[in-house]
Amino acid sequence: MSTYRLNNLLAPAAVAVIGASPRPASLGRAVLENLRSAGFKGEIGVVNPRYPEIGGFKTVRSLADLSFVPDLIVITAPSRFVAKIVADAGERGVAGAIIISAEMGRGKGSYAEAANVAARKSGIRLLGPNCLGLMVPSSNLNASFAAHMPRRGHLALISQSGAIAAGMVDWAAVKDIGFSGIVSIGDQLDIDIADMLDYYAADIETRAILLYIEAITDARKFMSAARAAARVKPVVVVKSGRLAHGAQAAATHTGAFAGADAVYDAAFRRAGMLRVFDLRELFDCAETLGRVSAPRGKRVAILTNGGGIGVLAVDRLAELGGIPATLSKDVCDKLNATMPPSWSGSNPVDITGDADAERYATALATLLADPGNDAVLVMNVQTAMASPSEIAKSVIRLVGEERVRRAFFKPVFAVWVGVEDSVTHAFDAAGIPNYPTEDDAVRSIMNLVRYREAAQLLTEVPPSLPKEFEPDTESARLVIEKALVEGRSWLDPIEVGALFAAYQIPMVPTLAAPNADAAVAWAEPFLAQGVTVVVKVMSRDITHKSDVGGVVLNLTSAEAVRSAVVEILDRAAKLRPQARIDGVIVQPMIIRRKARELTVGIADDPTFGPVIAFGHGGTAVEIIDDRSLALPPLDLPLAHSLIARTRVSKLLQAYRDVPAVKDGVVALTLVKLSQMAADFPQIHELDINPLLADESGVVAIDARVMVRQAQRKFAGLGNTTFAVKPYPSEWERHLEVKDGWRVLARPLRPDDEPAIHAFLQHVTPEDLRLRFFAAMKEFSHAFIARLTQIDYARAMAFIAIDEATGETLGVVRIHSDSIYESGEYAILLRSDLKGKGLGWVLMKLIIEYARAEGLKYVCGQVLRENSAMLRMCRHLGFEAKADHSEPDILNVTLALTEESARAAARA
């Protein structure tokens, strides 16, 4: 249900506690005391039929006896009473309930299911059960049993663990860091991580979001919300159980790669989230994000009075991918004029152990003014020759002055080793992130850099795929359906070759032979050309052929082939007597002495669906353990990013006498696999190992493909197995507007950004004002990126293209509300095309889409002066009503179902 009624839950006008007890150590009493001590301004009610008064509050016997209707109730009553309480609350019009109770059970017949059924009848939102509660400092709301109330700030914490949330509150109290909200979601009976991500993404008080995750239940909903949130603010996540659910026994190398935590890591990266690996890093991220913005680059200047700690910081920076800033001649000249001759002369800027407050301030001012760095790390090792606290005061004073003076102030980080708490508190009060060690500081700086890079990746414009890549999906479908009809899970080698040919993935010619005679017959044409051959055992039950001696290379004669086949079949039968052996496959020996052995493939994750794998190939693939994963769909930038996260990626470049691998060919192969997974959810596992890559291109040497009947995993139209909903090609339409004018209308893609820029040049300032309700003078890359990078799980936009000229003519879009009941539309046409019928056909298309998606209403806002739009809306059946808060705006609504039409008529 997403953000539906969450405002009432997190900013209630009145609260009631149900199940409070006079016992000092009880949950209900703790919640009640926290509500009071936080200074909640609204009414507080207490429901308990056994006691007339609890903690100074008069009680009532039931919710019906309260003199007011609370927006929020906190339930601490025994589990068996919760469903009845929820039902009563829904009847009274309560918006939300926090279920603190822990022993609710799961599944059919449980107390949790009964509570959820009761909530659905009235639309009341449920937080929990088995949760700490929630704290919203801006509302003076502490509806939890935490020991402390955090101060108001700009961080939101969403945690599946109540203990972690409580620990963050305690830590924040010491560090003087504030929160916009802390929400313990517990078992996620209703409100889940995705709902809270959507809420805090739109919350103007929240500058960054922190997550503690144990498991995701609805991957597509989570990915949709996470990607939307990460586009607008940092989202930092720590996940437990990294090693608890490693890869299980798998049928392919790719399957072995795709351990549960590795897939979560790929999901977080795809969403643009910043993953950290323990609570210490999460605390450090809170320390950093709560005080400074991300640097514009990763060049770091280090100022210190100790050479050793400076070198350690530089080493750690290099290990984590940062760049020690280079000091220009001008900067060195300035430092030479003000520093003692013994200063280091380079970065790290070691101003020697006797450096005092004035020397620190002078050096720091020079580094802050230097355009050659993006951030400054100031470190101090306590000595008897200068006061660390005085040095800290000078740094704090200078940073404060610089913040006032400069429009963009590069971030400053501090490490003061072995000093009293007063120095730390001074840095905290000044909003300067500070850490006990250089390692903590450098990790935090690089976490900010990683966030900025992830945010940039979300707005990159992918290049279009080569026009010659047009997969033959019909041929591929015949291959897969044949195997499924015959009840087979594995494609045979000939079928694998046909599947790859359909997707233009080069593969060594592969021929199947049931016996030695057939193998010799296939081999002889190759041998006659002087090409040696390879013979491999063919069995769907033998995962790795080399394990049974099932591969013989460099066969140069018919006799050698015959002998190899006999030996292979005999050896396989002895070592794997239960395996079904269908014969052998014969291939020409491909010798590319300078080729790199890679592995690529598709695996299926029970939570996130298909994942694409890339890594170092060969027989030692698991031992080398050099691989990375990504969630499809992939475009070329995402594929290049997937490759870059491996060590073998460096070998794709030229070195010594080895030419570079053909530019882009490996990335394009990964995109082809991604498209194959999108087109055929029946592919359960696919593994190419090795994929040889060199200056001439790529070729698959060995491959296995497992298929099964497609299983629905995520709601929505089209492909249902991707956690990130792929491009919905089924919605491409060829439309005739009038008089033979034909238009292609298709879903908008990220690579349409240049076309949208060109299109906007043909829209008058007046039409832009009518569309955006404000004057629009220019359109930045970031703005257009947000328009063109569509999350198809919650929105759709169609671009209209003239089939004759290829010019962009208009765009129509719709974005669903938080409960996927109604969608708000918007449309913009080239100004010279208004009144020619294009708007009419595009509006009919977006209405068709909304109806197919199961929405009940299409709505929009139209300026009263926009008479042409209002006239078209009325002809299409929209009803127009005044917006009482905005007299210049009319709200237009089209009911898509009979039920919604009746509801609209009643309203």
# chains A, B, ... in the order shown; residues from 1 in each chain; ligands from 1
call {"tool": "select_by_dssp", "arguments": {"residues": "segment 474-710 of chain A", "states": "strand (DSSP E)", "output": "ChimeraX atom specification"}}
result
/A:511-513,533-538,551-555,583-588,596-605,609-616,627-630,683-694,697-700,703-707
call {"tool": "select_by_dssp", "arguments": {"residues": "segment 567-765 of chain A", "states": "helix (DSSP H, G or I)", "output": "NGL selection string"}}
result
:A and (567-575 or 621-624 or 636-644 or 648-652 or 665-679 or 729-731 or 750-760 or 765)
call {"tool": "closest_residue", "arguments": {"among": "A:Pro348, A:Gly297, A:Pro341, A:Pro493", "to": "Val449 of chain A", "atoms": "only C-alpha atoms"}}
result
A:Gly297
call {"tool": "residues_around", "arguments": {"residues": "Ile191 of chain A", "least_positions_apart": "4", "cutoff": "8 Å", "atoms": "only C-alpha atoms", "output": "PyMOL selection string"}}
result
chain A and resi 1-2+125-128+185+195-196
call {"tool": "closest_residue", "arguments": {"among": "A:Lys221, A:Pro588, A:Val276, A:Thr808", "to": "Lys239 of chain A", "atoms": "only C-alpha atoms"}}
result
A:Val276
call {"tool": "closest_atom_pairs", "arguments": {"of": "segment 150-199 of chain A", "to": "segment 106-110 of chain A", "cutoff": "12 Å", "atoms": "only C-alpha atoms", "output": "tab-separated table"}}
result
residue	atom	partner	partner_atom	distance
A:Asp187	CA	A:Arg106	CA	9.2
A:Gln188	CA	A:Arg106	CA	11.0
A:Leu189	CA	A:Arg106	CA	9.1
call {"tool": "write_last_selection", "arguments": {"atoms": "all heavy atoms", "output": "PDB file, in the first residue's frame"}}
result
ATOM      1  N   ASP A 187       8.310  -7.448  11.635  1.00  0.00           N
ATOM      2  CA  ASP A 187       8.004  -8.545  10.714  1.00  0.00           C
ATOM      3  C   ASP A 187       7.326  -8.103   9.417  1.00  0.00           C
ATOM      4  O   ASP A 187       6.959  -8.946   8.599  1.00  0.00           O
ATOM      5  CB  ASP A 187       7.117  -9.577  11.419  1.00  0.00           C
ATOM      6  CG  ASP A 187       7.855 -10.313  12.518  1.00  0.00           C
ATOM      7  OD1 ASP A 187       9.108 -10.278  12.528  1.00  0.00           O
ATOM      8  OD2 ASP A 187       7.193 -10.915  13.387  1.00  0.00           O
ATOM      9  N   GLN A 188       7.098  -6.806   9.237  1.00  0.00           N
ATOM     10  CA  GLN A 188       6.576  -6.243   7.978  1.00  0.00           C
ATOM     11  C   GLN A 188       5.251  -6.881   7.553  1.00  0.00           C
ATOM     12  O   GLN A 188       5.073  -7.268   6.400  1.00  0.00           O
ATOM     13  CB  GLN A 188       7.596  -6.401   6.846  1.00  0.00           C
ATOM     14  CG  GLN A 188       8.953  -5.785   7.143  1.00  0.00           C
ATOM     15  CD  GLN A 188       9.922  -5.916   6.000  1.00  0.00           C
ATOM     16  OE1 GLN A 188       9.912  -5.122   5.076  1.00  0.00           O
ATOM     17  NE2 GLN A 188      10.770  -6.927   6.055  1.00  0.00           N
ATOM     18  N   LEU A 189       4.344  -6.999   8.489  1.00  0.00           N
ATOM     19  CA  LEU A 189       3.029  -7.546   8.167  1.00  0.00           C
ATOM     20  C   LEU A 189       2.330  -6.700   7.106  1.00  0.00           C
ATOM     21  O   LEU A 189       1.667  -7.224   6.209  1.00  0.00           O
ATOM     22  CB  LEU A 189       2.173  -7.622   9.438  1.00  0.00           C
ATOM     23  CG  LEU A 189       0.808  -8.276   9.332  1.00  0.00           C
ATOM     24  CD1 LEU A 189       0.931  -9.717   8.868  1.00  0.00           C
ATOM     25  CD2 LEU A 189       0.087  -8.218  10.682  1.00  0.00           C
TER      26      LEU A 189
END
call {"tool": "residues_around", "arguments": {"residues": "Ile445 of chain A", "least_positions_apart": "3", "cutoff": "12 Å", "atoms": "only C-alpha atoms", "output": "JSON, numbers by chain"}}
result
{"A": [281, 284, 285, 287, 288, 289, 292, 293, 294, 295, 296, 297, 298, 299, 300, 301, 302, 313, 316, 317, 320, 321, 322, 323, 374, 375, 376, 377, 410, 411, 412, 413, 414, 433, 434, 435, 438, 439, 440, 441, 442, 448, 449, 450, 451, 452]}
call {"tool": "residues_around", "arguments": {"residues": "segment 779-785 of chain A", "least_positions_apart": "4", "cutoff": "9 Å", "atoms": "only C-alpha atoms", "output": "count of residues only"}}
result
10
call {"tool": "residues_around", "arguments": {"residues": "Gly28 of chain A", "least_positions_apart": "2", "cutoff": "8 Å", "atoms": "only C-alpha atoms", "output": "ChimeraX atom specification"}}
result
/A:17-21,26,30-32,75-76
call {"tool": "closest_residue", "arguments": {"among": "A:Asp354, A:Gln578, A:Gln587, A:Ala225", "to": "Val520 of chain A", "atoms": "only C-alpha atoms"}}
result
A:Gln587
